[in-house]
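A short write-up of the structure that comes next.
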Amino acid sequence: NDGVAIFYKTSKLELVGSHVPGVPRSRKDDPTTNAGKTLMARFRMKRPSPATDGGLLSKASAALLTRQQPVFTGVDLQEVVVVTTHLEGAKTVDGIITRLEQTKEICRALNDFATNLCADVNNVQIIIAGDLNATPNEACVVHLRGRGMRSAYADVGAAVGAEKSNMFTTWKTRTGLFKTGEVKHTIDYILYSAHRGSKVVSVAKLPSEDDIPSAVGLPTFGFPSDHLPLQARVLLL
């Protein structure tokens with residue numbers, strides 16, 4: 001079994017709330033509360049430390065800060081809600097329908113989570129990252145784009161030219177009855193709330209086919225997962 005987790009730097013962020021949508025639910029296959037494997041967390045960004053002496057902390061101030069826990073105060077601090085998810089994996093019509101319903105449930109839960117907890121729900125920034133098990137034109141991804149979320153990698157790829165960007169996040173070969181054989185496509189995403197002013201600054205370069213020492217894809221030496229790791233820097237305005 002696999003799962004999801006959110007890690008963060010305590011020196012940069014204060015965790016002020018978390019939620020696991022659809023848990024608990026009366027039964028595992030209840031479609032009305034199925035949000036896949038999803039975790040969401042609300043953070044406040046730490047206010048920059050006070051500076052003296054031309055931008056440098058005095059020795060006394062620096063010593064004081066090392067003895068104290070970071071202080072997070074003020075409703076004016078930038079808030080961000082981070083969501084990580086792993087949606088239904090079946091590559092069938094039923095799987096497509098389930099992923100769309102899971103995505104809608106995530107959006108409903110996210111709206112309730114932000115509305116009930118965030119100091120300024122209209123300006124909170126949103127990051128959604130995970131394995132959606134869906135290609136860019138599948139209904140669940142289209143649904144998220146319709147909510148204003150944009151793919152960090154797609155935006156950078158469009159900026160540098162598609163021929164220079166990696167066009168897959170997983171490449172694997174599955175053989176046997178009812179298996180798909182070789183599959184190479186994008187199903188993992190880092191999505192950011194461009195409609196709220198966020199901007200993608202950069203993304204980590206993904207390997208090309210030539211960089212992967214295997215004729216049948218992942219996992220292989222140097223790439224221990226059948227998915228490639230994604231990383232993006234996003235400016236939250």
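Labels for the structure tokens follow display order: chains A, B, ..., residues from 1 in each chain, ligands from 1.
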Problem set entry | Contact residues around region 1-9 of chain A with only C-alpha atoms at 10 Å, ignoring same-chain residues under 4 positions, as a PyMOL selection string | chain A and resi 13-15+37-41+43+82-86+129-131
Go ahead and save the residues from that selection, with C-alpha atoms, as an mmCIF file, in the first residue's frame.
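part31.cif, written as the output of this step:
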data_model
loop_
_atom_site.group_PDB
_atom_site.id
_atom_site.type_symbol
_atom_site.label_atom_id
_atom_site.label_comp_id
_atom_site.auth_asym_id
_atom_site.auth_seq_id
_atom_site.Cartn_x
_atom_site.Cartn_y
_atom_site.Cartn_z
ATOM 1 C CA LEU A 13 6.008 27.897 7.841
ATOM 2 C CA GLU A 14 3.623 27.486 10.738
ATOM 3 C CA LEU A 15 1.186 24.585 10.510
ATOM 4 C CA LYS A 37 -5.816 9.266 -0.636
ATOM 5 C CA THR A 38 -5.705 12.954 0.187
ATOM 6 C CA LEU A 39 -4.169 15.149 2.869
ATOM 7 C CA MET A 40 -4.491 18.925 3.113
ATOM 8 C CA ALA A 41 -2.729 21.360 5.418
ATOM 9 C CA PHE A 43 0.173 27.078 6.690
ATOM 10 C CA VAL A 82 -1.159 22.520 0.431
ATOM 11 C CA VAL A 83 -2.946 19.423 -0.850
ATOM 12 C CA THR A 84 -1.337 16.129 -1.773
ATOM 13 C CA THR A 85 -3.333 13.310 -3.298
ATOM 14 C CA HIS A 86 -3.223 9.928 -4.989
ATOM 15 C CA ALA A 129 0.549 18.022 -5.858
ATOM 16 C CA GLY A 130 0.374 14.310 -6.399
ATOM 17 C CA ASP A 131 -0.277 11.317 -8.587
#
Problem set entry | Leu132 (chain A) environment, 6 Å, only C-alpha atoms, sequence neighbours closer than 4 positions dropped, as JSON, numbers by chain | {"A": [86, 87, 187, 188]}
Keeping only N, CA, C and O atoms, write the selected residues to a file as a short mmCIF file (atom, residue, chain, number, x, y, z; two decimals), in the first residue's frame.
data_model
loop_
_atom_site.label_atom_id
_atom_site.label_comp_id
_atom_site.auth_asym_id
_atom_site.auth_seq_id
_atom_site.Cartn_x
_atom_site.Cartn_y
_atom_site.Cartn_z
N HIS A 86 -3.47 11.06 -4.10
CA HIS A 86 -3.22 9.93 -4.99
C HIS A 86 -4.59 9.39 -5.38
O HIS A 86 -5.31 8.83 -4.55
N LEU A 87 -4.95 9.57 -6.64
CA LEU A 87 -6.29 9.21 -7.10
C LEU A 87 -6.34 7.77 -7.61
O LEU A 87 -5.32 7.11 -7.78
N ILE A 187 1.21 11.83 -15.53
CA ILE A 187 0.06 11.65 -14.64
C ILE A 187 0.32 12.26 -13.26
O ILE A 187 -0.54 12.21 -12.38
N ASP A 188 1.50 12.85 -13.07
CA ASP A 188 1.87 13.49 -11.80
C ASP A 188 1.97 14.99 -12.02
O ASP A 188 2.46 15.45 -13.07
#
For this session: Compile the contact shell of His143 (chain A) as a PyMOL selection string: residues with an atom at most 10 Å away, counting only C-alpha atoms, same-chain residues fewer than 6 positions apart removed.
Result: chain A and resi 100+103-104+107+137+149
Store the residues picked out above, limited to N, CA and C atoms, as a PDB file, in the first residue's frame.
ATOM      1  N   LEU A 100     -12.698  11.656 -11.502  1.00  0.00           N
ATOM      2  CA  LEU A 100     -13.401  12.931 -11.575  1.00  0.00           C
ATOM      3  C   LEU A 100     -14.208  13.173 -10.304  1.00  0.00           C
ATOM      4  N   THR A 103     -11.890  14.068  -7.500  1.00  0.00           N
ATOM      5  CA  THR A 103     -11.417  15.438  -7.645  1.00  0.00           C
ATOM      6  C   THR A 103     -12.480  16.434  -7.199  1.00  0.00           C
ATOM      7  N   LYS A 104     -13.717  16.203  -7.560  1.00  0.00           N
ATOM      8  CA  LYS A 104     -14.804  17.082  -7.125  1.00  0.00           C
ATOM      9  C   LYS A 104     -14.931  17.067  -5.602  1.00  0.00           C
ATOM     10  N   CYS A 107     -12.181  19.155  -4.128  1.00  0.00           N
ATOM     11  CA  CYS A 107     -12.490  20.582  -4.267  1.00  0.00           C
ATOM     12  C   CYS A 107     -13.532  21.024  -3.244  1.00  0.00           C
ATOM     13  N   ASN A 137      -5.387  15.813 -20.397  1.00  0.00           N
ATOM     14  CA  ASN A 137      -6.699  16.104 -20.962  1.00  0.00           C
ATOM     15  C   ASN A 137      -7.824  15.275 -20.359  1.00  0.00           C
ATOM     16  N   MET A 149      -6.432  26.269 -11.356  1.00  0.00           N
ATOM     17  CA  MET A 149      -5.143  25.665 -11.054  1.00  0.00           C
ATOM     18  C   MET A 149      -4.373  25.410 -12.353  1.00  0.00           C
TER      19      MET A 149
END
Exercise. Using only C-alpha atoms, which of A:Leu218, A:Val142, A:Leu235, A:Leu191 sits nearest Ile128 (chain A)?
Worked result: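 That would be A:Leu191, the residue with the smallest distance to Ile128 (chain A).
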Exercise. What does the distance between CA of Asp94 (chain A) and CA of Thr33 (chain A) come to in Å, to one decimal place?
Worked result: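 Between CA of Asp94 (chain A) and CA of Thr33 (chain A) the gap works out to 16.8 Å.
Distance annotation: of A:Thr186, A:Ser202, A:Ser208, A:Asn34, the residue with the minimal separation from Glu105 (chain A) is A:Asn34; atom set is only C-alpha atoms.
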Exercise. So which residues touch Leu237 (chain A) within 10 Å, counting only C-alpha atoms, skipping near sequence neighbours fewer than 4 positions away, as a PyMOL selection string?
Worked result: chain A and resi 78+123-125+194+196-199
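In terms of minimum interatomic distance to Gly36 (chain A), A:Asn133 ranks closest within A:Phe168, A:Ala114, A:Asn133, A:Val93, counting only C-alpha atoms.
Every protein or nucleic acid residue with an atom no more than 7 Å from His185 (chain A), counting only C-alpha atoms and leaving out same-chain residues fewer than 5 positions away, appears here: Thr135, Met167, Phe168, Thr169, Thr170 and Trp171 of chain A.
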Exercise. Hey, what's within 12 Å of Asn116 (chain A) if we count only C-alpha atoms and toss same-chain stuff fewer than 5 positions away? As a list in words, please?
Worked result: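 Once the nearby chain positions are removed, what remains is Gly17, Ser18, His19, Arg42, Ala109, Leu110, Asn111 and Val121 of chain A.
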Taking C-alpha atoms for each residue, export the selection above as a tab-separated table (two decimals), in the first residue's frame.
chain	number	residue	atom	x	y	z
A	17	GLY	CA	-4.54	23.12	10.52
A	18	SER	CA	-4.83	19.85	8.63
A	19	HIS	CA	-7.59	17.67	7.26
A	42	ARG	CA	-3.00	25.08	6.07
A	109	ALA	CA	-13.43	19.58	1.01
A	110	LEU	CA	-10.81	22.19	0.12
A	111	ASN	CA	-13.45	24.91	-0.13
A	121	VAL	CA	-10.22	32.97	2.11
Exercise. So which residues of region 132-181 of chain A fall under helix (DSSP H, G or I) by DSSP, listed as a list in words?
Worked result: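 Written out, the helix (DSSP H, G or I) residues of region 132-181 of chain A are Ala139, Cys140, Val141, Val142, His143, Leu144, Arg145, Gly146, Ala152, Tyr153, Ala154, Asp155, Val156, Gly157, Ala158, Ala159, Val160, Ala162, Glu163 and Lys164 of chain A.
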Limited to N, CA, C and O atoms, could you put the picked residues into a file as a CSV table (one decimal), in the first residue's frame?
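Written file, again_39.csv:
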chain,number,residue,atom,x,y,z
A,139,ALA,N,-10.7,14.2,-17.6
A,139,ALA,CA,-11.7,15.1,-17.0
A,139,ALA,C,-11.3,15.7,-15.6
A,139,ALA,O,-11.6,16.8,-15.4
A,140,CYS,N,-10.6,14.9,-14.8
A,140,CYS,CA,-10.3,15.4,-13.5
A,140,CYS,C,-9.3,16.5,-13.5
A,140,CYS,O,-9.3,17.5,-12.8
A,141,VAL,N,-8.3,16.4,-14.4
A,141,VAL,CA,-7.3,17.5,-14.6
A,141,VAL,C,-7.9,18.7,-15.2
A,141,VAL,O,-7.7,19.8,-14.8
A,142,VAL,N,-8.8,18.5,-16.2
A,142,VAL,CA,-9.5,19.6,-16.8
A,142,VAL,C,-10.4,20.3,-15.7
A,142,VAL,O,-10.5,21.6,-15.7
A,143,HIS,N,-11.0,19.6,-14.8
A,143,HIS,CA,-11.8,20.1,-13.7
A,143,HIS,C,-10.9,21.1,-12.9
A,143,HIS,O,-11.4,22.2,-12.5
A,144,LEU,N,-9.7,20.6,-12.5
A,144,LEU,CA,-8.9,21.5,-11.7
A,144,LEU,C,-8.4,22.7,-12.5
A,144,LEU,O,-8.3,23.8,-11.9
A,145,ARG,N,-8.1,22.6,-13.7
A,145,ARG,CA,-7.8,23.8,-14.5
A,145,ARG,C,-8.9,24.7,-14.6
A,145,ARG,O,-8.8,26.0,-14.5
A,146,GLY,N,-10.2,24.2,-14.6
A,146,GLY,CA,-11.3,25.0,-14.6
A,146,GLY,C,-11.5,25.8,-13.3
A,146,GLY,O,-12.2,26.8,-13.3
A,152,ALA,N,2.7,23.6,-13.0
A,152,ALA,CA,4.0,24.2,-13.0
A,152,ALA,C,4.8,23.8,-14.2
A,152,ALA,O,5.5,24.5,-14.9
A,153,TYR,N,4.9,22.5,-14.4
A,153,TYR,CA,5.7,21.9,-15.4
A,153,TYR,C,5.2,22.2,-16.8
A,153,TYR,O,5.9,22.5,-17.8
A,154,ALA,N,3.9,22.2,-17.0
A,154,ALA,CA,3.3,22.6,-18.3
A,154,ALA,C,3.6,24.0,-18.6
A,154,ALA,O,3.9,24.4,-19.8
A,155,ASP,N,3.5,24.9,-17.6
A,155,ASP,CA,3.7,26.3,-17.9
A,155,ASP,C,5.2,26.6,-18.3
A,155,ASP,O,5.5,27.3,-19.2
A,156,VAL,N,6.1,25.9,-17.5
A,156,VAL,CA,7.5,26.1,-17.9
A,156,VAL,C,7.8,25.4,-19.2
A,156,VAL,O,8.6,26.0,-20.1
A,157,GLY,N,7.2,24.3,-19.5
A,157,GLY,CA,7.4,23.6,-20.8
A,157,GLY,C,6.9,24.5,-21.9
A,157,GLY,O,7.6,24.6,-23.0
A,158,ALA,N,5.8,25.2,-21.8
A,158,ALA,CA,5.3,26.1,-22.8
A,158,ALA,C,6.2,27.3,-23.0
A,158,ALA,O,6.4,27.8,-24.1
A,159,ALA,N,6.9,27.7,-21.9
A,159,ALA,CA,7.8,28.9,-22.0
A,159,ALA,C,9.0,28.5,-22.7
A,159,ALA,O,9.6,29.3,-23.5
A,160,VAL,N,9.6,27.3,-22.5
A,160,VAL,CA,10.9,26.9,-23.1
A,160,VAL,C,10.7,26.2,-24.5
A,160,VAL,O,11.6,26.0,-25.2
A,162,ALA,N,8.0,23.0,-26.2
A,162,ALA,CA,7.7,21.6,-25.8
A,162,ALA,C,8.8,20.7,-26.2
A,162,ALA,O,9.0,19.7,-25.5
A,163,GLU,N,9.5,21.0,-27.3
A,163,GLU,CA,10.6,20.1,-27.7
A,163,GLU,C,11.7,20.0,-26.7
A,163,GLU,O,12.5,19.1,-26.7
A,164,LYS,N,11.8,21.0,-25.8
A,164,LYS,CA,12.9,21.0,-24.8
A,164,LYS,C,12.4,20.5,-23.5
A,164,LYS,O,13.2,20.4,-22.5
Problem set entry | Nearest candidate to Pro207 (chain A) (options A:Met45, A:Pro219, A:Pro229, A:Ile190; using only C-alpha atoms) |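 Checking each candidate against Pro207 (chain A), we get A:Pro229 as the closest.
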For this session: Work out how far apart CA of Pro21 (chain A) and CA of Arg150 (chain A) are and give it in Å to one decimal.
Result: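 Straight-line distance from CA of Pro21 (chain A) to CA of Arg150 (chain A) works out to 22.2 Å.
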Exercise. Contacts of Asp211 (chain A) at 12 Å or less, counting only C-alpha atoms, minus same-chain residues fewer than 5 places along, as a PyMOL selection string?
Worked result: chain A and resi 166+205-206+217-218+220-223
Exercise. Which residue, A:Leu117, A:Ile126, A:Ile212, A:Ile96, has the smallest gap to Glu138 (chain A) when you use only C-alpha atoms?
Worked result: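 Distance minimum relative to Glu138 (chain A) lands on A:Ile96.
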